[in-house]
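> So that you have it, the file is model-v1.pdb, and it contains PDB, C-alpha atoms:
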```
MODEL        1
ATOM      1  CA  MET A   1     -20.940  63.416 -86.243
ATOM      2  CA  ARG A   2     -23.800  64.501 -84.050
ATOM      3  CA  ALA A   3     -25.445  62.948 -81.025
ATOM      4  CA  ARG A   4     -29.019  63.872 -80.127
ATOM      5  CA  ILE A   5     -28.840  63.598 -76.356
ATOM      6  CA  ARG A   6     -30.911  65.051 -73.541
ATOM      7  CA  ASP A   7     -32.431  68.310 -74.861
ATOM      8  CA  THR A   8     -29.701  69.214 -77.346
ATOM      9  CA  GLU A   9     -27.458  68.034 -80.176
ATOM     10  CA  ILE A  10     -23.738  67.624 -79.498
ATOM     11  CA  TYR A  11     -21.151  67.656 -82.265
ATOM     12  CA  PHE A  12     -18.363  65.124 -81.795
ATOM     13  CA  ASP A  13     -15.484  63.691 -83.806
ATOM     14  CA  ILE A  14     -13.350  60.612 -83.293
ATOM     15  CA  GLU A  15      -9.671  60.082 -84.109
ATOM     16  CA  GLY A  16      -7.861  56.753 -83.885
ATOM     17  CA  MET A  17      -8.919  53.141 -83.584
ATOM     18  CA  GLY A  18     -10.629  51.735 -80.525
ATOM     19  CA  LEU A  19      -9.647  48.158 -81.357
ATOM     20  CA  VAL A  20      -6.272  47.236 -82.870
ATOM     21  CA  PRO A  21      -4.832  43.903 -84.055
ATOM     22  CA  ASP A  22      -2.428  42.384 -81.530
ATOM     23  CA  GLY A  23      -1.279  38.941 -82.671
ATOM     24  CA  PRO A  24      -4.258  36.584 -82.432
ATOM     25  CA  GLU A  25      -6.347  39.167 -80.545
ATOM     26  CA  MET A  26      -8.010  42.521 -80.972
ATOM     27  CA  ARG A  27      -6.728  44.811 -78.225
ATOM     28  CA  GLU A  28      -8.884  47.599 -76.841
ATOM     29  CA  ARG A  29      -7.294  51.030 -76.554
ATOM     30  CA  PRO A  30      -8.260  53.617 -73.953
ATOM     31  CA  VAL A  31     -10.712  56.312 -75.023
ATOM     32  CA  ILE A  32      -9.853  59.920 -74.200
ATOM     33  CA  PHE A  33     -12.583  62.547 -73.980
ATOM     34  CA  VAL A  34     -10.855  65.798 -75.012
ATOM     35  CA  VAL A  35     -12.754  68.512 -73.128
ATOM     36  CA  HIS A  36     -12.213  71.965 -74.615
ATOM     37  CA  GLY A  37     -11.924  75.283 -72.839
ATOM     38  CA  GLY A  38     -13.642  78.615 -73.097
ATOM     39  CA  PRO A  39     -16.436  78.864 -72.297
ATOM     40  CA  GLY A  40     -17.353  80.231 -75.688
ATOM     41  CA  ALA A  41     -14.724  78.419 -77.759
ATOM     42  CA  ASP A  42     -14.751  74.988 -79.422
ATOM     43  CA  HIS A  43     -12.710  71.818 -79.862
ATOM     44  CA  SER A  44     -10.877  72.937 -83.019
ATOM     45  CA  SER A  45      -7.712  74.151 -81.276
ATOM     46  CA  HIS A  46      -7.061  70.598 -80.066
ATOM     47  CA  LYS A  47      -7.160  69.109 -83.554
ATOM     48  CA  GLY A  48      -3.803  68.211 -85.029
ATOM     49  CA  GLY A  49      -1.860  68.792 -81.858
ATOM     50  CA  MET A  50      -3.402  65.771 -80.154
ATOM     51  CA  THR A  51      -3.129  63.519 -83.216
ATOM     52  CA  PRO A  52       0.063  61.684 -82.100
ATOM     53  CA  LEU A  53      -1.886  60.350 -79.104
ATOM     54  CA  SER A  54      -4.206  58.513 -81.484
ATOM     55  CA  ASP A  55      -1.439  55.910 -81.872
ATOM     56  CA  ARG A  56      -2.074  54.973 -78.235
ATOM     57  CA  ALA A  57      -5.719  55.878 -77.602
ATOM     58  CA  GLN A  58      -8.954  56.737 -79.335
ATOM     59  CA  LEU A  59      -9.675  60.456 -79.070
ATOM     60  CA  VAL A  60     -13.206  61.827 -78.771
ATOM     61  CA  TYR A  61     -13.472  65.556 -79.465
ATOM     62  CA  PHE A  62     -16.748  67.366 -78.846
ATOM     63  CA  ASP A  63     -18.199  70.850 -78.492
ATOM     64  CA  HIS A  64     -20.123  71.861 -75.394
ATOM     65  CA  ARG A  65     -23.751  72.776 -75.987
ATOM     66  CA  GLY A  66     -24.151  76.248 -77.438
ATOM     67  CA  GLN A  67     -20.553  76.239 -78.622
ATOM     68  CA  GLY A  68     -18.728  75.361 -81.800
ATOM     69  CA  ARG A  69     -20.755  73.041 -84.008
ATOM     70  CA  SER A  70     -23.119  71.848 -81.298
ATOM     71  CA  ALA A  71     -26.689  73.124 -81.219
ATOM     72  CA  ARG A  72     -27.228  76.581 -79.745
ATOM     73  CA  GLY A  73     -30.540  76.526 -77.844
ATOM     74  CA  PRO A  74     -31.553  78.907 -75.041
ATOM     75  CA  LYS A  75     -28.516  80.584 -73.514
ATOM     76  CA  GLU A  76     -29.904  79.842 -70.040
ATOM     77  CA  THR A  77     -28.966  76.200 -70.672
ATOM     78  CA  TYR A  78     -25.236  76.965 -71.142
ATOM     79  CA  THR A  79     -24.366  75.819 -67.632
ATOM     80  CA  LEU A  80     -21.608  73.770 -66.042
ATOM     81  CA  GLU A  81     -24.277  71.339 -64.846
ATOM     82  CA  ASN A  82     -25.432  70.727 -68.396
ATOM     83  CA  ASN A  83     -21.857  70.434 -69.685
ATOM     84  CA  VAL A  84     -21.291  67.635 -67.162
ATOM     85  CA  GLU A  85     -24.568  65.860 -67.910
ATOM     86  CA  ASP A  86     -24.090  66.208 -71.683
ATOM     87  CA  MET A  87     -20.663  64.623 -71.338
ATOM     88  CA  GLU A  88     -22.097  61.693 -69.398
ATOM     89  CA  ALA A  89     -24.899  61.313 -71.948
ATOM     90  CA  LEU A  90     -22.326  61.270 -74.768
ATOM     91  CA  ARG A  91     -20.359  58.539 -72.974
ATOM     92  CA  GLN A  92     -23.519  56.469 -72.762
ATOM     93  CA  HIS A  93     -24.462  57.279 -76.380
ATOM     94  CA  LEU A  94     -21.085  55.894 -77.531
ATOM     95  CA  GLY A  95     -21.497  52.759 -75.434
ATOM     96  CA  LEU A  96     -18.318  53.346 -73.446
ATOM     97  CA  ASP A  97     -17.443  52.047 -69.996
ATOM     98  CA  ARG A  98     -14.570  53.872 -68.312
ATOM     99  CA  ILE A  99     -12.933  56.755 -70.156
ATOM    100  CA  VAL A 100      -9.863  58.931 -69.810
ATOM    101  CA  VAL A 101     -11.001  62.515 -69.198
ATOM    102  CA  MET A 102      -8.609  65.246 -70.327
ATOM    103  CA  GLY A 103      -9.787  68.802 -69.728
ATOM    104  CA  THR A 104      -7.959  72.022 -70.538
ATOM    105  CA  SER A 105      -8.717  75.402 -68.921
ATOM    106  CA  TYR A 106     -12.525  75.582 -68.502
ATOM    107  CA  GLY A 107     -12.535  72.024 -69.805
ATOM    108  CA  GLY A 108     -10.548  71.117 -66.695
ATOM    109  CA  MET A 109     -13.296  72.616 -64.550
ATOM    110  CA  VAL A 110     -15.906  70.559 -66.382
ATOM    111  CA  SER A 111     -13.659  67.513 -65.928
ATOM    112  CA  MET A 112     -13.320  68.043 -62.172
ATOM    113  CA  ALA A 113     -17.080  68.472 -61.844
ATOM    114  CA  TYR A 114     -17.605  65.328 -63.917
ATOM    115  CA  ALA A 115     -15.136  63.390 -61.728
ATOM    116  CA  LEU A 116     -16.914  64.493 -58.571
ATOM    117  CA  ARG A 117     -20.167  63.062 -59.931
ATOM    118  CA  TYR A 118     -19.144  60.183 -62.208
ATOM    119  CA  GLN A 119     -15.670  59.055 -61.262
ATOM    120  CA  GLN A 120     -16.804  55.421 -61.451
ATOM    121  CA  HIS A 121     -16.730  55.958 -65.236
ATOM    122  CA  ILE A 122     -13.194  57.433 -65.295
ATOM    123  CA  SER A 123      -9.980  55.422 -65.620
ATOM    124  CA  HIS A 124      -7.634  58.438 -65.647
ATOM    125  CA  LEU A 125      -8.112  62.186 -65.124
ATOM    126  CA  ILE A 126      -5.825  64.723 -66.832
ATOM    127  CA  LEU A 127      -6.175  68.398 -65.895
ATOM    128  CA  VAL A 128      -4.270  70.876 -68.061
ATOM    129  CA  ALA A 129      -3.811  74.581 -67.263
ATOM    130  CA  THR A 130      -6.918  74.869 -65.124
ATOM    131  CA  ALA A 131      -8.121  76.033 -61.709
ATOM    132  CA  ALA A 132     -10.359  74.646 -58.994
ATOM    133  CA  SER A 133     -11.906  77.892 -57.768
ATOM    134  CA  HIS A 134     -12.927  81.436 -58.602
ATOM    135  CA  ARG A 135      -9.633  82.641 -57.144
ATOM    136  CA  LEU A 136      -8.224  82.443 -60.653
ATOM    137  CA  ILE A 137      -9.917  85.800 -61.334
ATOM    138  CA  ASP A 138      -7.936  87.709 -58.720
ATOM    139  CA  ARG A 139      -4.728  85.874 -59.649
ATOM    140  CA  SER A 140      -5.132  86.686 -63.346
ATOM    141  CA  ARG A 141      -5.711  90.348 -62.563
ATOM    142  CA  GLN A 142      -2.564  90.437 -60.433
ATOM    143  CA  ILE A 143      -0.482  88.832 -63.170
ATOM    144  CA  VAL A 144      -1.765  91.092 -65.944
ATOM    145  CA  ALA A 145      -1.208  94.119 -63.723
ATOM    146  CA  SER A 146       2.430  93.091 -63.255
ATOM    147  CA  ARG A 147       3.378  92.074 -66.801
ATOM    148  CA  GLY A 148       0.613  93.045 -69.225
ATOM    149  CA  THR A 149       0.527  95.988 -71.603
ATOM    150  CA  ASP A 150      -2.001  98.764 -71.080
ATOM    151  CA  GLN A 151      -4.129  97.230 -73.835
ATOM    152  CA  GLN A 152      -3.980  93.812 -72.168
ATOM    153  CA  LYS A 153      -4.883  95.264 -68.785
ATOM    154  CA  ASP A 154      -7.930  96.925 -70.318
ATOM    155  CA  ALA A 155      -8.920  93.736 -72.154
ATOM    156  CA  CYS A 156      -8.599  91.683 -68.973
ATOM    157  CA  GLU A 157     -10.833  94.038 -67.003
ATOM    158  CA  ARG A 158     -13.453  93.979 -69.769
ATOM    159  CA  LEU A 159     -13.391  90.181 -69.724
ATOM    160  CA  TRP A 160     -14.010  89.856 -65.985
ATOM    161  CA  ALA A 161     -16.551  92.690 -65.997
ATOM    162  CA  GLY A 162     -18.650  90.799 -68.548
ATOM    163  CA  GLU A 163     -18.361  93.584 -71.099
ATOM    164  CA  LEU A 164     -17.678  91.427 -74.180
ATOM    165  CA  GLU A 165     -20.843  91.732 -76.235
ATOM    166  CA  SER A 166     -20.166  89.937 -79.518
ATOM    167  CA  ASP A 167     -18.263  86.989 -80.934
ATOM    168  CA  GLU A 168     -16.033  89.489 -82.732
ATOM    169  CA  GLN A 169     -15.122  91.167 -79.425
ATOM    170  CA  PHE A 170     -14.390  87.741 -77.941
ATOM    171  CA  ALA A 171     -12.021  86.949 -80.813
ATOM    172  CA  GLU A 172     -10.385  90.366 -80.447
ATOM    173  CA  PHE A 173      -9.828  89.749 -76.734
ATOM    174  CA  LEU A 174      -8.008  86.500 -77.563
ATOM    175  CA  ARG A 175      -5.888  88.305 -80.164
ATOM    176  CA  ILE A 176      -4.842  91.013 -77.706
ATOM    177  CA  MET A 177      -4.028  88.516 -74.972
ATOM    178  CA  GLY A 178      -2.262  86.090 -77.313
ATOM    179  CA  PRO A 179       1.308  86.933 -76.215
ATOM    180  CA  LEU A 180       0.278  86.216 -72.605
ATOM    181  CA  TYR A 181      -1.464  82.958 -73.487
ATOM    182  CA  SER A 182       1.588  81.521 -75.249
ATOM    183  CA  THR A 183       5.340  81.985 -74.785
ATOM    184  CA  THR A 184       5.774  81.003 -78.450
ATOM    185  CA  PHE A 185       2.990  83.253 -79.737
ATOM    186  CA  ASP A 186       2.883  83.447 -83.525
ATOM    187  CA  PRO A 187       0.404  86.081 -84.795
ATOM    188  CA  GLN A 188      -0.131  84.335 -88.139
ATOM    189  CA  LYS A 189      -0.788  80.907 -86.615
ATOM    190  CA  ALA A 190      -3.030  82.484 -83.996
ATOM    191  CA  ALA A 191      -5.049  84.272 -86.691
ATOM    192  CA  GLU A 192      -5.477  81.015 -88.625
ATOM    193  CA  ALA A 193      -6.595  79.152 -85.490
ATOM    194  CA  SER A 194      -9.066  81.920 -84.661
ATOM    195  CA  ALA A 195     -10.501  81.797 -88.181
ATOM    196  CA  ARG A 196     -11.124  78.061 -87.782
ATOM    197  CA  ALA A 197     -12.866  78.443 -84.432
ATOM    198  CA  ILE A 198     -16.562  79.110 -83.893
ATOM    199  CA  TYR A 199     -17.063  81.437 -80.927
ATOM    200  CA  ASN A 200     -20.132  82.147 -78.836
ATOM    201  CA  VAL A 201     -19.664  84.987 -76.373
ATOM    202  CA  GLU A 202     -23.034  84.224 -74.769
ATOM    203  CA  ALA A 203     -21.578  80.996 -73.367
ATOM    204  CA  TRP A 204     -18.786  82.996 -71.728
ATOM    205  CA  ASN A 205     -21.145  85.593 -70.273
ATOM    206  CA  VAL A 206     -23.539  82.973 -68.853
ATOM    207  CA  ALA A 207     -20.605  81.173 -67.207
ATOM    208  CA  LEU A 208     -19.303  84.442 -65.790
ATOM    209  CA  GLU A 209     -22.697  85.312 -64.348
ATOM    210  CA  ARG A 210     -23.596  81.886 -62.947
ATOM    211  CA  PHE A 211     -20.351  80.059 -62.256
ATOM    212  CA  MET A 212     -16.938  81.650 -62.689
ATOM    213  CA  ARG A 213     -17.185  84.263 -59.942
ATOM    214  CA  ALA A 214     -18.212  81.842 -57.195
ATOM    215  CA  PHE A 215     -17.218  78.241 -57.941
ATOM    216  CA  ASP A 216     -14.945  76.336 -55.580
ATOM    217  CA  PHE A 217     -14.184  72.636 -55.963
ATOM    218  CA  THR A 218     -11.328  72.642 -53.452
ATOM    219  CA  PRO A 219     -13.286  71.278 -50.446
ATOM    220  CA  ARG A 220     -14.329  68.222 -52.487
ATOM    221  CA  LEU A 221     -11.176  67.467 -54.470
ATOM    222  CA  PRO A 222      -9.993  64.902 -51.864
ATOM    223  CA  GLU A 223     -12.989  62.789 -52.958
ATOM    224  CA  ILE A 224     -11.334  62.124 -56.331
ATOM    225  CA  GLU A 225      -9.624  58.750 -56.176
ATOM    226  CA  VAL A 226      -8.821  57.989 -59.828
ATOM    227  CA  PRO A 227      -5.230  58.352 -61.127
ATOM    228  CA  THR A 228      -4.810  62.062 -61.856
ATOM    229  CA  LEU A 229      -2.218  64.062 -63.772
ATOM    230  CA  VAL A 230      -2.156  67.835 -63.223
ATOM    231  CA  ILE A 231      -0.274  69.967 -65.762
ATOM    232  CA  GLY A 232       0.464  73.674 -65.503
ATOM    233  CA  GLY A 233       2.466  76.269 -67.412
ATOM    234  CA  ARG A 234       5.031  78.269 -65.474
ATOM    235  CA  HIS A 235       4.045  81.483 -67.288
ATOM    236  CA  ASP A 236       0.265  80.954 -67.404
ATOM    237  CA  TRP A 237      -1.480  84.282 -66.840
ATOM    238  CA  ILE A 238      -5.033  83.023 -66.230
ATOM    239  CA  CYS A 239      -4.553  79.659 -64.468
ATOM    240  CA  PRO A 240      -1.092  80.167 -62.942
ATOM    241  CA  PRO A 241       0.969  77.230 -61.665
ATOM    242  CA  ASP A 242       0.158  77.787 -57.989
ATOM    243  CA  LEU A 243      -3.441  76.871 -58.837
ATOM    244  CA  SER A 244      -2.262  73.652 -60.497
ATOM    245  CA  GLU A 245      -0.166  72.936 -57.406
ATOM    246  CA  GLU A 246      -3.271  73.429 -55.267
ATOM    247  CA  ILE A 247      -5.230  70.872 -57.300
ATOM    248  CA  ALA A 248      -2.410  68.319 -57.145
ATOM    249  CA  ARG A 249      -2.064  68.809 -53.405
ATOM    250  CA  LEU A 250      -5.772  68.189 -52.783
ATOM    251  CA  ILE A 251      -6.349  65.177 -55.059
ATOM    252  CA  PRO A 252      -4.856  62.129 -53.311
ATOM    253  CA  GLY A 253      -1.840  60.722 -55.151
ATOM    254  CA  ALA A 254      -2.040  63.187 -58.045
ATOM    255  CA  ASP A 255       1.008  63.654 -60.267
ATOM    256  CA  LEU A 256       2.067  67.247 -60.967
ATOM    257  CA  ARG A 257       4.012  68.519 -63.971
ATOM    258  CA  ILE A 258       4.836  72.207 -64.375
ATOM    259  CA  PHE A 259       6.106  73.026 -67.855
ATOM    260  CA  GLU A 260       8.797  75.640 -67.418
ATOM    261  CA  ARG A 261       8.645  77.145 -70.924
ATOM    262  CA  SER A 262       4.856  77.273 -71.279
ATOM    263  CA  GLY A 263       2.078  79.759 -70.782
ATOM    264  CA  HIS A 264      -1.591  78.816 -70.704
ATOM    265  CA  SER A 265      -1.252  77.176 -74.130
ATOM    266  CA  VAL A 266       0.974  74.286 -73.079
ATOM    267  CA  ARG A 267       0.076  72.287 -76.181
ATOM    268  CA  ALA A 268       1.428  75.135 -78.349
ATOM    269  CA  ASP A 269       4.506  75.949 -76.265
ATOM    270  CA  GLU A 270       5.810  72.460 -75.410
ATOM    271  CA  PRO A 271       3.740  70.084 -77.557
ATOM    272  CA  ARG A 272       6.078  67.084 -77.632
ATOM    273  CA  ALA A 273       6.747  67.168 -73.903
ATOM    274  CA  LEU A 274       3.012  67.453 -73.199
ATOM    275  CA  LEU A 275       2.158  64.435 -75.335
ATOM    276  CA  ASP A 276       4.987  62.420 -73.793
ATOM    277  CA  ALA A 277       3.753  63.267 -70.296
ATOM    278  CA  ILE A 278       0.195  62.191 -71.125
ATOM    279  CA  ALA A 279       1.254  58.986 -72.892
ATOM    280  CA  GLY A 280       3.612  58.056 -70.071
ATOM    281  CA  PHE A 281       0.946  58.705 -67.450
ATOM    282  CA  LEU A 282      -1.525  56.413 -69.186
ATOM    283  CA  VAL A 283       1.068  53.619 -69.236
ATOM    284  CA  TYR A 284       2.530  53.785 -65.732
ATOM    285  CA  ARG A 285      -0.517  54.871 -63.700
ATOM    286  CA  ARG A 286      -3.112  52.107 -63.478
TER     287      ARG A 286
ENDMDL
END
```
Here is the file; what I need is its structure written in the form of structure tokens.

Amino acid sequence: MRARIRDTEIYFDIEGMGLVPDGPEMRERPVIFVVHGGPGADHSSHKGGMTPLSDRAQLVYFDHRGQGRSARGPKETYTLENNVEDMEALRQHLGLDRIVVMGTSYGGMVSMAYALRYQQHISHLILVATAASHRLIDRSRQIVASRGTDQQKDACERLWAGELESDEQFAEFLRIMGPLYSTTFDPQKAAEASARAIYNVEAWNVALERFMRAFDFTPRLPEIEVPTLVIGGRHDWICPPDLSEEIARLIPGADLRIFERSGHSVRADEPRALLDAIAGFLVYRR
């Protein structure tokens, strides 16, 4: 499905019922906006893995502008600001009131920015394997220097130098770094997931130039007052657990869960535990 909003067209997909029979009533389920990472990737890696949550909530997947199946448009428009405003426009387009916002990696950054502007429209905030400032760049370089292969060290430096010039190079970077992204890395499954994805390296390079090297939400995180769950992977190379701990420390009352057997790809490394943590959070935190 596609929503023509603002100056673009956003692809979205919905999984699960919003209203379910409950005796003599129709009960409304929470709606979760599943905010994908990247920048330069799409929502496809969330499909399937999040499906069990559709028994408890309605899931809304979507691709950021210029990414996946959403409209491309001028690359100058591939900004964090537009990602936030597109997300708000999609909420309005779907006629929703308060939503659960679940962002992973860069999606977590979009989610924090959205919460700082529109938290009146959020019931719960879930931040998975993400970071609140540009300090993730130095931390990732330190981690790759200590445990990466020579090929991974080179790939990491090319990433942060903005030297990826094509979608094929972007996909190759993800292939090389795969064993660092996931403690349960499976080359065949990773290749299949990559084949399903639609990449756009321009979205990454615009974010690197305009956002990633300088952003810092940490001074404003105490403004977030909605129930928040922060999830990190103990072995995450790009958004390490100390950055998750920082977010949880700064958001008042936030819950923190560090998954001890996970890398950046928590949903691949400990999928059942991740879903249980999210489902439990939605029930006990009101």
> Please identify all polymer residues within 8 Å of His121 (chain A), counting all atoms listed in the file, omitting same-chain residues fewer than 6 positions from it, and present them as a PyMOL selection string.
chain A and resi 97-99
> Keeping only C-alpha atoms, take the residues you just selected and write them out as a JSON list (two decimals), keeping the file's coordinate frame.

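Output saved as part01.json:
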```
[["chain", "number", "residue", "atom", "x", "y", "z"],
["A", 97, "ASP", "CA", -17.44, 52.05, -70.00],
["A", 98, "ARG", "CA", -14.57, 53.87, -68.31],
["A", 99, "ILE", "CA", -12.93, 56.76, -70.16]]
```
> Which region 158-237 of chain A residues have any atom within 6 Å of an atom of region 125-144 of chain A, and for each, what is the nearest pair of atoms with distance in Å to one decimal, counting only C-alpha atoms, rows sorted by chain and number, as CSV?

```
residue,atom,partner,partner_atom,distance
A:Met212,CA,A:His134,CA,5.7
A:Arg213,CA,A:His134,CA,5.3
A:Ala214,CA,A:His134,CA,5.5
A:Phe215,CA,A:Ser133,CA,5.3
A:Asp216,CA,A:Ser133,CA,4.1
A:Phe217,CA,A:Ala132,CA,5.3
A:Thr218,CA,A:Ala132,CA,6.0
A:Thr228,CA,A:Leu125,CA,4.6
A:Leu229,CA,A:Ile126,CA,4.8
A:Val230,CA,A:Leu127,CA,4.9
A:Ile231,CA,A:Val128,CA,4.7
A:Gly232,CA,A:Ala129,CA,4.7
A:Trp237,CA,A:Ser140,CA,5.6
```
> Hey, can you check how far CA of Ala171 (chain A) sits from CA of Ala195 (chain A)?
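These atoms are spaced 9.1 Å apart.
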> Can you tell me which residues surround Gln151 (chain A) at a distance of at most 9 Å, considering only C-alpha atoms, apart from same-chain residues fewer than 4 positions away, and format the answer as a list in words?
Ala155, Cys156, Ile176 and Met177 of chain A
> Give me, as CSV, each residue of region 184-277 of chain A that comes within 12 Å of region 81-95 of chain A, together with its shortest interatomic pair and the distance in Å at one decimal, counting all atoms listed in the file, with rows ordered by chain and rising residue number.

```
residue,atom,partner,partner_atom,distance
A:Ala203,CA,A:Asn83,CA,11.2
A:Ala207,CA,A:Glu81,CA,10.8
A:Arg210,CA,A:Glu81,CA,10.7
A:Phe211,CA,A:Glu81,CA,9.9
```
> When distances are computed from all atoms listed in the file, which of A:Asp255, A:Leu96, A:Glu168, A:Asp236 shows the smallest separation from Tyr284 (chain A)?
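The answer is A:Asp255, which sits nearest to Tyr284 (chain A).
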> Please expand the PyMOL selection byres ((chain A and resi 252) around 12) into the concrete residues it hits in this file, giving the result as a PyMOL selection string.
chain A and resi 220-230+246-251+253-256
> Using all atoms listed in the file for the distances, tell me which of A:Ser166, A:Thr51, A:Ser265, A:Gln119 is nearest to Ala190 (chain A).
A:Ser265
> Pick from A:Val266, A:Leu80, A:Val110, A:Ala197: nearest to Phe170 (chain A), with only C-alpha atoms counted?
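Ranking A:Val266, A:Leu80, A:Val110, A:Ala197 by distance to Phe170 (chain A), first place goes to A:Ala197.
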> Between A:Ile10, A:Val201, A:Ile238, A:Leu282, single out the one closest to Pro30 (chain A), counting only C-alpha atoms.
A:Leu282
> Interatomic distance between CA of Ser54 (chain A) and CA of Thr104 (chain A)?
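The value is 17.8 Å.
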> Do you know which residues the PyMOL selection byres ((chain A and resi 101) around 6) returns on this file, as a PyMOL selection string?
chain A and resi 32-33+100+102+125
> Just give me the gap between CA of Tyr61 (chain A) and CA of Ser44 (chain A) in Å, one decimal is fine.
8.6 Å
> Translate the PyMOL selection byres ((chain A and resi 259) around 8) into a concrete residue list for this structure, as a VMD selection string.
chain A and resid 231 to 234 257 to 258 260 to 262 266 270
> Which neighbours of Val60 (chain A) fall inside 8 Å, counting only C-alpha atoms, when residues of the same chain fewer than 6 positions from it are skipped, and could you give them as a PyMOL selection string?
chain A and resi 12-15+31-34
> Do you know which residues are at most 12 Å from region 66-75 of chain A counting only C-alpha atoms, after dropping those on the same chain fewer than 3 positions away, and could you put them as a PyMOL selection string?
chain A and resi 1-13+36-45+61-63+78-80+82-83+86+167+196-207+209-210
> Point out the residue among A:His235, A:His124, A:His46, A:Arg117 with the least atom-to-atom distance to Gly263 (chain A), counting only C-alpha atoms.
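The closest residue to Gly263 (chain A) is A:His235.
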> Name the closest residue to Asp186 (chain A) among the candidates A:Val35, A:Met109, A:Ala145, A:Ala268; distances are taken between atoms, counting all atoms listed in the file.
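For Asp186 (chain A), the nearest of the candidates is A:Ala268.
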> When you look at Arg272 (chain A) with a cut-off of 10 Å (counting all atoms listed in the file), what residues show up, excluding the ones that are within fewer than 5 positions of it in the same chain? I need them as a PyMOL selection string.
chain A and resi 49-50+52+266-267+277
> Using all atoms listed in the file, find all polymer residues with an atom at most 12 Å away from the point (-1.4, 88.1, -80.6); report them as a short mmCIF file (atom, residue, chain, number, x, y, z; two decimals) with C-alpha atoms, keeping the file's coordinate frame.

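The result, written out as point-v6.cif:
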```
data_model
loop_
_atom_site.label_atom_id
_atom_site.label_comp_id
_atom_site.auth_asym_id
_atom_site.auth_seq_id
_atom_site.Cartn_x
_atom_site.Cartn_y
_atom_site.Cartn_z
CA GLN A 151 -4.13 97.23 -73.83
CA GLN A 152 -3.98 93.81 -72.17
CA ALA A 171 -12.02 86.95 -80.81
CA GLU A 172 -10.38 90.37 -80.45
CA PHE A 173 -9.83 89.75 -76.73
CA LEU A 174 -8.01 86.50 -77.56
CA ARG A 175 -5.89 88.30 -80.16
CA ILE A 176 -4.84 91.01 -77.71
CA MET A 177 -4.03 88.52 -74.97
CA GLY A 178 -2.26 86.09 -77.31
CA PRO A 179 1.31 86.93 -76.22
CA LEU A 180 0.28 86.22 -72.60
CA TYR A 181 -1.46 82.96 -73.49
CA SER A 182 1.59 81.52 -75.25
CA THR A 183 5.34 81.98 -74.78
CA THR A 184 5.77 81.00 -78.45
CA PHE A 185 2.99 83.25 -79.74
CA ASP A 186 2.88 83.45 -83.52
CA PRO A 187 0.40 86.08 -84.80
CA GLN A 188 -0.13 84.34 -88.14
CA LYS A 189 -0.79 80.91 -86.62
CA ALA A 190 -3.03 82.48 -84.00
CA ALA A 191 -5.05 84.27 -86.69
CA GLU A 192 -5.48 81.02 -88.62
CA ALA A 193 -6.60 79.15 -85.49
CA SER A 194 -9.07 81.92 -84.66
#
```
